file data_25.cif (mmCIF, C-alpha atoms)
data_data
#
loop_
_atom_site.label_atom_id
_atom_site.label_comp_id
_atom_site.auth_asym_id
_atom_site.auth_seq_id
_atom_site.Cartn_x
_atom_site.Cartn_y
_atom_site.Cartn_z
CA MET A 24 -9.60 0.86 -1.19
CA THR A 25 -8.99 -2.40 -3.03
CA TYR A 26 -7.12 -3.06 -6.25
CA GLY A 27 -7.55 -5.89 -8.74
CA PHE A 28 -6.30 -7.16 -12.08
CA ARG A 29 -7.85 -7.32 -15.54
CA VAL A 30 -6.55 -9.75 -18.15
CA THR A 31 -7.58 -9.07 -21.76
CA ASP A 32 -7.05 -11.79 -24.36
CA SER A 33 -5.27 -10.44 -27.45
CA SER A 34 -7.26 -12.46 -29.97
CA THR A 35 -10.79 -12.33 -28.53
CA GLN A 36 -10.49 -9.05 -26.55
CA VAL A 37 -12.43 -10.79 -23.77
CA SER A 38 -11.50 -9.47 -20.33
CA THR A 39 -11.25 -11.50 -17.13
CA TYR A 40 -11.20 -9.78 -13.75
CA ILE A 41 -8.86 -11.17 -11.10
CA ASP A 42 -9.61 -10.40 -7.47
CA ASP A 43 -8.41 -13.34 -5.39
CA VAL A 44 -6.19 -16.42 -5.31
CA ASP A 45 -8.88 -18.64 -6.87
CA ASP A 46 -9.06 -16.32 -9.89
CA ILE A 47 -5.28 -16.55 -10.27
CA LEU A 48 -5.34 -20.34 -10.06
CA ARG A 49 -8.00 -20.60 -12.75
CA LEU A 50 -5.57 -18.95 -15.18
CA VAL A 51 -2.84 -21.51 -14.54
CA ASP A 52 -4.53 -24.10 -16.75
CA ARG A 53 -4.83 -21.83 -19.79
CA GLY A 54 -2.09 -19.24 -19.39
CA ILE A 55 -2.20 -15.68 -20.72
CA ASP A 56 -1.82 -14.21 -24.19
CA GLY A 57 -2.69 -10.54 -23.97
CA CYS A 58 -2.56 -7.64 -21.54
CA VAL A 59 -2.50 -7.58 -17.74
CA GLU A 60 -3.64 -4.41 -15.97
CA ALA A 61 -3.86 -3.37 -12.34
CA LEU A 62 -7.04 -1.42 -11.58
CA ASP A 63 -8.33 0.58 -8.65
CA ASP A 64 -11.87 0.05 -7.36
CA GLY A 65 -13.11 2.70 -9.77
CA GLY A 66 -11.81 0.79 -12.79
CA ASN A 67 -8.91 3.17 -13.45
CA VAL A 68 -5.76 1.58 -14.87
CA LEU A 69 -2.85 1.95 -12.44
CA ALA A 70 -0.27 -0.13 -14.29
CA SER A 71 -0.21 -2.39 -17.32
CA TYR A 72 1.91 -5.16 -18.74
CA ASP A 73 1.36 -5.50 -22.50
CA ARG A 74 1.96 -8.42 -24.87
CA VAL A 75 2.09 -10.95 -22.07
CA GLN A 76 2.55 -14.57 -23.11
CA VAL A 77 2.57 -17.16 -20.36
CA GLY A 78 1.99 -20.77 -21.30
CA PRO A 79 -0.38 -23.06 -19.40
CA ASP A 80 0.80 -24.89 -16.28
CA ASN A 81 3.47 -22.30 -15.53
CA PRO A 82 2.40 -20.91 -12.14
CA ARG A 83 5.78 -19.34 -11.31
CA GLU A 84 5.90 -17.22 -14.47
CA LEU A 85 2.23 -16.34 -14.03
CA ALA A 86 2.90 -15.15 -10.47
CA GLU A 87 5.87 -13.07 -11.61
CA THR A 88 3.78 -11.45 -14.35
CA PHE A 89 1.05 -10.34 -11.95
CA CYS A 90 3.60 -9.29 -9.33
CA ASP A 91 5.54 -7.20 -11.87
CA THR A 92 2.30 -5.47 -12.84
CA ALA A 93 1.43 -4.71 -9.21
CA SER A 94 4.91 -3.43 -8.42
CA GLY A 95 4.63 -1.03 -11.37
CA ILE A 96 1.82 0.92 -9.69
CA MET A 97 2.96 4.49 -9.02
CA VAL A 98 3.09 5.65 -5.40
CA GLY A 99 4.17 9.20 -4.66
CA GLY A 100 5.89 9.62 -8.02
CA LYS A 101 7.76 6.29 -7.85
CA SER A 102 6.88 2.78 -8.88
CA ALA A 103 5.88 0.57 -5.96
CA SER A 104 8.95 -1.55 -6.67
CA ALA A 105 11.27 1.45 -6.32
CA LYS A 106 9.47 2.96 -3.33
CA TYR A 107 9.30 -0.23 -1.32
CA THR A 108 12.86 -1.37 -1.96
CA ASN A 109 14.49 2.03 -1.45
CA GLY A 110 13.52 3.47 1.91
CA ASP A 111 9.99 2.23 2.64
CA CYS A 112 10.50 -1.55 2.63
CA ASP A 113 9.61 -1.51 6.32
CA VAL A 114 6.19 0.00 5.57
CA PHE A 115 5.49 -2.69 2.97
CA ALA A 116 6.59 -5.45 5.34
CA VAL A 117 4.17 -4.18 8.00
CA ALA A 118 1.37 -3.98 5.41
CA LEU A 119 2.04 -7.59 4.38
CA SER A 120 2.03 -8.67 8.03
CA ARG A 121 -1.48 -7.26 8.43
CA LEU A 122 -2.72 -9.23 5.44
CA ILE A 123 -0.99 -12.60 5.71
CA GLU A 124 -1.76 -14.68 8.76
CA ASP A 125 1.17 -16.24 10.63
CA GLY A 126 3.73 -14.20 8.71
CA THR A 127 6.77 -12.85 10.58
CA ILE A 128 8.57 -9.64 9.67
CA VAL A 129 12.19 -10.41 8.83
CA ALA A 130 14.83 -7.77 8.20
CA ILE A 131 18.42 -7.80 7.07
CA VAL A 132 20.31 -5.58 9.48
CA ASP A 133 23.91 -4.39 9.57
CA PRO A 134 25.76 -3.45 12.76
CA ARG A 135 28.08 -1.30 10.63
CA ASP A 136 27.34 1.99 8.86
CA GLU A 137 27.85 2.63 5.17
CA ASN A 138 31.52 3.44 5.81
CA GLY A 139 32.06 0.09 7.51
CA ASP A 140 32.37 1.57 10.99
CA GLU A 141 30.67 -0.19 13.90
CA ILE A 142 27.42 1.47 14.98
CA VAL A 143 27.60 2.28 18.69
CA SER A 144 24.71 3.22 21.01
CA GLU A 145 22.17 3.11 18.16
CA PRO A 146 20.11 0.37 16.50
CA PRO A 147 21.77 -1.44 13.59
CA ARG A 148 21.24 -0.24 10.04
CA LEU A 149 18.23 -1.59 8.15
CA ILE A 150 19.15 -3.01 4.75
CA HIS A 151 15.79 -4.49 3.70
CA ALA A 152 12.64 -5.99 5.20
CA GLY A 153 10.08 -8.54 4.10
CA LEU A 154 7.67 -11.08 5.54
CA LEU A 155 8.67 -14.66 6.31
CA VAL A 156 5.93 -17.05 5.14
CA GLY A 157 6.23 -20.55 6.50
CA ASN A 158 9.82 -21.63 7.02
CA ASP A 159 11.22 -21.35 3.52
CA CYS A 160 9.90 -18.23 1.75
CA VAL A 161 10.04 -14.45 2.12
CA ILE A 162 7.67 -12.09 0.33
CA ASP A 163 8.33 -8.42 -0.43
CA VAL A 164 7.16 -6.00 -3.12
CA GLN A 165 9.11 -7.94 -5.75
CA GLY A 166 7.34 -11.21 -4.99
CA LEU A 167 7.92 -14.51 -3.24
CA HIS A 168 11.51 -15.67 -2.78
CA ASP A 169 13.39 -18.63 -1.41
CA ARG A 170 14.37 -17.59 2.10
CA THR A 171 18.04 -18.48 1.73
CA ASP A 172 18.36 -16.68 -1.61
CA TRP A 173 16.57 -13.59 -0.28
CA GLU A 174 18.76 -13.38 2.81
CA ALA A 175 21.94 -13.83 0.76
CA LYS A 176 20.92 -11.20 -1.79
CA TRP A 177 20.19 -8.50 0.77
CA CYS A 178 23.08 -9.35 3.09
CA GLU A 179 25.38 -8.59 0.14
CA ARG A 180 24.12 -4.98 0.26
CA GLY A 181 25.67 -4.53 3.70
CA SER A 182 28.86 -5.52 5.45
CA LEU A 183 30.00 -9.07 6.09
CA ASP A 184 28.33 -8.77 9.52
CA SER A 185 24.85 -8.30 8.05
CA GLU A 186 22.32 -10.87 9.24
CA PRO A 187 18.56 -11.52 9.39
CA GLU A 188 16.54 -10.54 12.45
CA TYR A 189 12.85 -10.99 13.27
CA LEU A 190 11.29 -7.67 14.20
CA ASP A 191 8.05 -5.82 14.82
CA LYS A 192 6.81 -2.41 13.69
CA GLU A 193 8.33 -0.60 16.68
CA ALA A 194 11.78 -2.11 16.10
CA LEU A 195 11.66 -1.11 12.44
CA GLU A 196 10.73 2.44 13.41
CA SER A 197 13.65 2.55 15.82
CA MET A 198 16.05 1.48 13.09
CA GLN A 199 14.68 3.95 10.57
CA GLY A 200 14.52 6.78 13.10
CA VAL A 201 11.03 7.78 11.94
CA TRP A 202 7.49 6.96 12.99
CA MET A 203 5.49 4.89 10.52
CA SER A 204 2.05 6.42 10.05
CA GLU A 205 -1.18 4.53 9.49
CA GLU A 206 -1.60 6.56 6.29
CA GLN A 207 1.65 5.12 4.92
CA ILE A 208 0.58 1.59 5.77
CA ALA A 209 -2.89 2.13 4.27
CA GLU A 210 -1.27 3.36 1.05
CA ALA A 211 0.78 0.17 0.83
CA LEU A 212 -2.01 -2.27 1.75
CA PRO A 213 -3.83 -2.58 -1.62
CA ILE A 214 -0.55 -3.16 -3.45
CA ALA A 215 0.59 -5.63 -0.80
CA ARG A 216 -2.67 -7.52 -1.29
CA LEU A 217 -2.08 -7.78 -5.05
CA VAL A 218 1.46 -9.05 -4.49
CA ALA A 219 0.14 -11.60 -1.99
CA ILE A 220 -2.61 -13.02 -4.21
CA SER A 221 -0.25 -12.98 -7.21
CA ASN A 222 1.84 -15.50 -5.31
CA GLY A 223 -1.07 -17.66 -4.18
CA LEU A 224 -1.21 -16.33 -0.62
CA GLU A 225 -4.61 -15.84 0.94
CA THR A 226 -5.12 -12.59 2.85
CA ALA A 227 -6.76 -12.48 6.26
CA PRO A 228 -10.50 -11.66 6.17
CA GLU A 229 -10.14 -9.45 9.26
CA ALA A 230 -7.82 -7.18 7.27
CA ALA A 231 -10.61 -6.24 4.87
CA HIS A 232 -11.72 -3.21 6.90
CA ALA A 233 -8.27 -1.66 6.50
CA LEU A 234 -8.53 -1.93 2.73
CA ASP A 235 -11.94 -0.31 2.79
CA ALA A 236 -10.66 2.74 4.69
#
call {"tool": "encode", "arguments": {"input": "data_25.cif", "output": "structure tokens"}}
result
Amino acid sequence: MTYGFRVTDSSTQVSTYIDDVDDILRLVDRGIDGCVEALDDGGNVLASYDRVQVGPDNPRELAETFCDTASGIMVGGKSASAKYTNGDCDVFAVALSRLIEDGTIVAIVDPRDENGDEIVSEPPRLIHAGLLVGNDCVIDVQGLHDRTDWEAKWCERGSLDSEPEYLDKEALESMQGVWMSEEQIAEALPIARLVAISNGLETAPEAAHALDA
């Protein structure tokens, strides 16, 4: 299953369909004045962002607008933003890693429990996970972030000993104490793709078969 965006101009009511990074970039020159919707492959509206006004040549605000729309898609009774920042961030990070070539899963981990006691004989506590893109940026369900800012923000949620670590799916599962199913990852993939293209990141062609499942 694949998701896309539809942008409808408020004055002309003309709709533009957005399905890849090139479509996003074409909007940078003219901006948006209207409504942004996230659609499934059947044309059903999954989330909408009304009365959007983004001026031309403002790619950061444009990316945030599309990303906010994507993260508003409901998954299991929660918005994607809530689901993938409160408990299932690891699933979203794995989904992103399957879409974005050369990305590395990065997690903020804490060797202390929520009471501040040292965790002994168990993996450290997972605070949050995302995907490192290049050397300077991390992407998660809320968009693309400066790496230093992202690490600082999420380290504040743990103890002073919290730190970033580079992990794989199996290490994340060990920290969470639960197995991550392919169904969970497949559910996250179409939203992860929207977040990626919203931020100008191309997705790997070989990942297309997973989205078609």
call {"tool": "resolve_selection", "arguments": {"input": "data_25.cif", "expression": "the PyMOL selection byres ((chain A and resi 112-122) around 10)", "output": "PDB file with C-alpha atoms, keeping the file's coordinate frame"}}
result
ATOM      1  CA  ALA A 103       5.880   0.570  -5.960  1.00  0.00           C
ATOM      2  CA  SER A 104       8.950  -1.550  -6.670  1.00  0.00           C
ATOM      3  CA  ALA A 105      11.270   1.450  -6.320  1.00  0.00           C
ATOM      4  CA  LYS A 106       9.470   2.960  -3.330  1.00  0.00           C
ATOM      5  CA  TYR A 107       9.300  -0.230  -1.320  1.00  0.00           C
ATOM      6  CA  THR A 108      12.860  -1.370  -1.960  1.00  0.00           C
ATOM      7  CA  ASN A 109      14.490   2.030  -1.450  1.00  0.00           C
ATOM      8  CA  GLY A 110      13.520   3.470   1.910  1.00  0.00           C
ATOM      9  CA  ASP A 111       9.990   2.230   2.640  1.00  0.00           C
ATOM     10  CA  ILE A 123      -0.990 -12.600   5.710  1.00  0.00           C
ATOM     11  CA  GLU A 124      -1.760 -14.680   8.760  1.00  0.00           C
ATOM     12  CA  ASP A 125       1.170 -16.240  10.630  1.00  0.00           C
ATOM     13  CA  GLY A 126       3.730 -14.200   8.710  1.00  0.00           C
ATOM     14  CA  THR A 127       6.770 -12.850  10.580  1.00  0.00           C
ATOM     15  CA  ILE A 128       8.570  -9.640   9.670  1.00  0.00           C
ATOM     16  CA  VAL A 129      12.190 -10.410   8.830  1.00  0.00           C
ATOM     17  CA  ALA A 130      14.830  -7.770   8.200  1.00  0.00           C
ATOM     18  CA  LEU A 149      18.230  -1.590   8.150  1.00  0.00           C
ATOM     19  CA  ILE A 150      19.150  -3.010   4.750  1.00  0.00           C
ATOM     20  CA  HIS A 151      15.790  -4.490   3.700  1.00  0.00           C
ATOM     21  CA  ALA A 152      12.640  -5.990   5.200  1.00  0.00           C
ATOM     22  CA  GLY A 153      10.080  -8.540   4.100  1.00  0.00           C
ATOM     23  CA  LEU A 154       7.670 -11.080   5.540  1.00  0.00           C
ATOM     24  CA  LEU A 155       8.670 -14.660   6.310  1.00  0.00           C
ATOM     25  CA  VAL A 156       5.930 -17.050   5.140  1.00  0.00           C
ATOM     26  CA  ILE A 162       7.670 -12.090   0.330  1.00  0.00           C
ATOM     27  CA  ASP A 163       8.330  -8.420  -0.430  1.00  0.00           C
ATOM     28  CA  VAL A 164       7.160  -6.000  -3.120  1.00  0.00           C
ATOM     29  CA  ASP A 191       8.050  -5.820  14.820  1.00  0.00           C
ATOM     30  CA  LYS A 192       6.810  -2.410  13.690  1.00  0.00           C
ATOM     31  CA  LEU A 195      11.660  -1.110  12.440  1.00  0.00           C
ATOM     32  CA  GLU A 196      10.730   2.440  13.410  1.00  0.00           C
ATOM     33  CA  MET A 198      16.050   1.480  13.090  1.00  0.00           C
ATOM     34  CA  GLN A 199      14.680   3.950  10.570  1.00  0.00           C
ATOM     35  CA  MET A 203       5.490   4.890  10.520  1.00  0.00           C
ATOM     36  CA  SER A 204       2.050   6.420  10.050  1.00  0.00           C
ATOM     37  CA  GLU A 205      -1.180   4.530   9.490  1.00  0.00           C
ATOM     38  CA  GLN A 207       1.650   5.120   4.920  1.00  0.00           C
ATOM     39  CA  ILE A 208       0.580   1.590   5.770  1.00  0.00           C
ATOM     40  CA  ALA A 209      -2.890   2.130   4.270  1.00  0.00           C
ATOM     41  CA  GLU A 210      -1.270   3.360   1.050  1.00  0.00           C
ATOM     42  CA  ALA A 211       0.780   0.170   0.830  1.00  0.00           C
ATOM     43  CA  LEU A 212      -2.010  -2.270   1.750  1.00  0.00           C
ATOM     44  CA  PRO A 213      -3.830  -2.580  -1.620  1.00  0.00           C
ATOM     45  CA  ILE A 214      -0.550  -3.160  -3.450  1.00  0.00           C
ATOM     46  CA  ALA A 215       0.590  -5.630  -0.800  1.00  0.00           C
ATOM     47  CA  ARG A 216      -2.670  -7.520  -1.290  1.00  0.00           C
ATOM     48  CA  VAL A 218       1.460  -9.050  -4.490  1.00  0.00           C
ATOM     49  CA  ALA A 219       0.140 -11.600  -1.990  1.00  0.00           C
ATOM     50  CA  LEU A 224      -1.210 -16.330  -0.620  1.00  0.00           C
ATOM     51  CA  GLU A 225      -4.610 -15.840   0.940  1.00  0.00           C
ATOM     52  CA  THR A 226      -5.120 -12.590   2.850  1.00  0.00           C
ATOM     53  CA  ALA A 227      -6.760 -12.480   6.260  1.00  0.00           C
ATOM     54  CA  PRO A 228     -10.500 -11.660   6.170  1.00  0.00           C
ATOM     55  CA  GLU A 229     -10.140  -9.450   9.260  1.00  0.00           C
ATOM     56  CA  ALA A 230      -7.820  -7.180   7.270  1.00  0.00           C
ATOM     57  CA  ALA A 231     -10.610  -6.240   4.870  1.00  0.00           C
ATOM     58  CA  ALA A 233      -8.270  -1.660   6.500  1.00  0.00           C
ATOM     59  CA  LEU A 234      -8.530  -1.930   2.730  1.00  0.00           C
TER      60      LEU A 234
END
call {"tool": "residues_near_point", "arguments": {"input": "data_25.cif", "point": "(-6.4, -22.7, -18.0)", "cutoff": "12 Å", "atoms": "only C-alpha atoms", "output": "list in words"}}
result
Asp46, Ile47, Leu48, Arg49, Leu50, Val51, Asp52, Arg53, Gly54, Ile55, Asp56, Val77, Gly78, Pro79, Asp80, Asn81, Pro82 and Leu85 of chain A
call {"tool": "write_last_selection", "arguments": {"input": "data_25.cif", "atoms": "C-alpha atoms", "output": "short mmCIF file (atom, residue, chain, number, x, y, z; two decimals), keeping the file's coordinate frame"}}
result
data_model
loop_
_atom_site.label_atom_id
_atom_site.label_comp_id
_atom_site.auth_asym_id
_atom_site.auth_seq_id
_atom_site.Cartn_x
_atom_site.Cartn_y
_atom_site.Cartn_z
CA ASP A 46 -9.06 -16.32 -9.89
CA ILE A 47 -5.28 -16.55 -10.27
CA LEU A 48 -5.34 -20.34 -10.06
CA ARG A 49 -8.00 -20.60 -12.75
CA LEU A 50 -5.57 -18.95 -15.18
CA VAL A 51 -2.84 -21.51 -14.54
CA ASP A 52 -4.53 -24.10 -16.75
CA ARG A 53 -4.83 -21.83 -19.79
CA GLY A 54 -2.09 -19.24 -19.39
CA ILE A 55 -2.20 -15.68 -20.72
CA ASP A 56 -1.82 -14.21 -24.19
CA VAL A 77 2.57 -17.16 -20.36
CA GLY A 78 1.99 -20.77 -21.30
CA PRO A 79 -0.38 -23.06 -19.40
CA ASP A 80 0.80 -24.89 -16.28
CA ASN A 81 3.47 -22.30 -15.53
CA PRO A 82 2.40 -20.91 -12.14
CA LEU A 85 2.23 -16.34 -14.03
#
call {"tool": "closest_residue", "arguments": {"input": "data_25.cif", "among": "A:Asp133, A:Glu145, A:Asp42, A:Glu84", "to": "A:Cys178", "atoms": "all atoms listed in the file"}}
result
A:Asp133
call {"tool": "resolve_selection", "arguments": {"input": "data_25.cif", "expression": "the PyMOL selection byres ((chain A and resi 38) around 12)", "output": "ChimeraX atom specification"}}
result
/A:28-37,39-41,55-60
call {"tool": "resolve_selection", "arguments": {"input": "data_25.cif", "expression": "the PyMOL selection byres ((chain A and resi 92) around 9)", "output": "compact mmCIF listing (two decimals) with C-alpha atoms, in the coordinates of the input"}}
result
# COMPACT_ATOMS: atom_id res chain seq x y z
CA PHE A 28 -6.30 -7.16 -12.08
CA VAL A 59 -2.50 -7.58 -17.74
CA GLU A 60 -3.64 -4.41 -15.97
CA ALA A 61 -3.86 -3.37 -12.34
CA ALA A 70 -0.27 -0.13 -14.29
CA SER A 71 -0.21 -2.39 -17.32
CA TYR A 72 1.91 -5.16 -18.74
CA GLU A 87 5.87 -13.07 -11.61
CA THR A 88 3.78 -11.45 -14.35
CA PHE A 89 1.05 -10.34 -11.95
CA CYS A 90 3.60 -9.29 -9.33
CA ASP A 91 5.54 -7.20 -11.87
CA ALA A 93 1.43 -4.71 -9.21
CA SER A 94 4.91 -3.43 -8.42
CA GLY A 95 4.63 -1.03 -11.37
CA ILE A 96 1.82 0.92 -9.69
call {"tool": "atom_distance", "arguments": {"input": "data_25.cif", "atom1": "atom CA of A:Ile220", "atom2": "atom CA of A:Thr25"}}
result
12.4 Å
call {"tool": "residues_around", "arguments": {"input": "data_25.cif", "residues": "stretch 138-144 of chain A", "least_positions_apart": "3", "cutoff": "12 Å", "atoms": "only C-alpha atoms", "output": "list in words"}}
result
Val132, Asp133, Pro134, Arg135, Pro147, Arg148, Leu149, Arg180, Gly181, Ser182, Leu183, Asp184, Ser185 and Met198 of chain A
call {"tool": "write_last_selection", "arguments": {"input": "data_25.cif", "atoms": "C-alpha atoms", "output": "mmCIF file, in the frame of the given file"}}
result
data_model
loop_
_atom_site.group_PDB
_atom_site.id
_atom_site.type_symbol
_atom_site.label_atom_id
_atom_site.label_comp_id
_atom_site.auth_asym_id
_atom_site.auth_seq_id
_atom_site.Cartn_x
_atom_site.Cartn_y
_atom_site.Cartn_z
ATOM 1 C CA VAL A 132 20.310 -5.580 9.480
ATOM 2 C CA ASP A 133 23.910 -4.390 9.570
ATOM 3 C CA PRO A 134 25.760 -3.450 12.760
ATOM 4 C CA ARG A 135 28.080 -1.300 10.630
ATOM 5 C CA PRO A 147 21.770 -1.440 13.590
ATOM 6 C CA ARG A 148 21.240 -0.240 10.040
ATOM 7 C CA LEU A 149 18.230 -1.590 8.150
ATOM 8 C CA ARG A 180 24.120 -4.980 0.260
ATOM 9 C CA GLY A 181 25.670 -4.530 3.700
ATOM 10 C CA SER A 182 28.860 -5.520 5.450
ATOM 11 C CA LEU A 183 30.000 -9.070 6.090
ATOM 12 C CA ASP A 184 28.330 -8.770 9.520
ATOM 13 C CA SER A 185 24.850 -8.300 8.050
ATOM 14 C CA MET A 198 16.050 1.480 13.090
#
call {"tool": "axis_aligned_box", "arguments": {"input": "data_25.cif", "around": "stretch 73-89 of chain A", "padding_each_side": "4 Å", "output": "lines of an AutoDock Vina configuration file"}}
result
center_x = 2.8
center_y = -15.2
center_z = -17.7
size_x = 14.3
size_y = 27.4
size_z = 22.4
call {"tool": "atom_distance", "arguments": {"input": "data_25.cif", "atom1": "atom CA of A:Asn222", "atom2": "atom CA of A:Asp43"}}
result
10.5 Å
call {"tool": "closest_residue", "arguments": {"input": "data_25.cif", "among": "A:Met24, A:Ala194, A:Val201, A:Val161", "to": "A:Gly66", "atoms": "all atoms listed in the file"}}
result
A:Met24
call {"tool": "decode", "arguments": {"input": "data_25.cif", "residues": "stretch 172-183 of chain A", "atoms": "N, CA, C and O atoms", "output": "tab-separated table (two decimals), in the first residue's frame"}}
result
chain	number	residue	atom	x	y	z
A	172	ASP	N	20.67	18.61	18.03
A	172	ASP	CA	19.44	19.03	18.69
A	172	ASP	C	18.57	17.82	19.05
A	172	ASP	O	17.98	17.76	20.14
A	173	TRP	N	18.48	16.87	18.11
A	173	TRP	CA	17.66	15.68	18.34
A	173	TRP	C	18.21	14.87	19.52
A	173	TRP	O	17.45	14.44	20.40
A	174	GLU	N	19.51	14.66	19.54
A	174	GLU	CA	20.11	13.89	20.62
A	174	GLU	C	19.91	14.59	21.97
A	174	GLU	O	19.57	13.95	22.97
A	175	ALA	N	20.09	15.91	21.99
A	175	ALA	CA	19.92	16.65	23.24
A	175	ALA	C	18.48	16.59	23.74
A	175	ALA	O	18.23	16.39	24.94
A	176	LYS	N	17.53	16.74	22.82
A	176	LYS	CA	16.12	16.72	23.19
A	176	LYS	C	15.74	15.40	23.85
A	176	LYS	O	15.09	15.37	24.91
A	177	TRP	N	16.14	14.29	23.24
A	177	TRP	CA	15.70	12.99	23.74
A	177	TRP	C	16.54	12.51	24.92
A	177	TRP	O	16.05	11.77	25.77
A	178	CYS	N	17.78	12.95	25.01
A	178	CYS	CA	18.58	12.61	26.19
A	178	CYS	C	17.98	13.25	27.45
A	178	CYS	O	18.09	12.70	28.55
A	179	GLU	N	17.34	14.41	27.29
A	179	GLU	CA	16.71	15.08	28.42
A	179	GLU	C	15.56	14.26	29.01
A	179	GLU	O	15.18	14.46	30.17
A	180	ARG	N	15.00	13.32	28.21
A	180	ARG	CA	13.90	12.49	28.70
A	180	ARG	C	14.39	11.37	29.63
A	180	ARG	O	13.58	10.72	30.27
A	181	GLY	N	15.69	11.15	29.65
A	181	GLY	CA	16.25	10.11	30.50
A	181	GLY	C	17.13	10.70	31.59
A	181	GLY	O	17.03	11.88	31.93
A	182	SER	N	18.01	9.87	32.12
A	182	SER	CA	18.94	10.34	33.14
A	182	SER	C	20.11	11.07	32.50
A	182	SER	O	20.23	11.12	31.27
A	183	LEU	N	20.99	11.59	33.33
A	183	LEU	CA	22.17	12.28	32.83
A	183	LEU	C	23.11	11.33	32.09
A	183	LEU	O	24.00	11.78	31.36
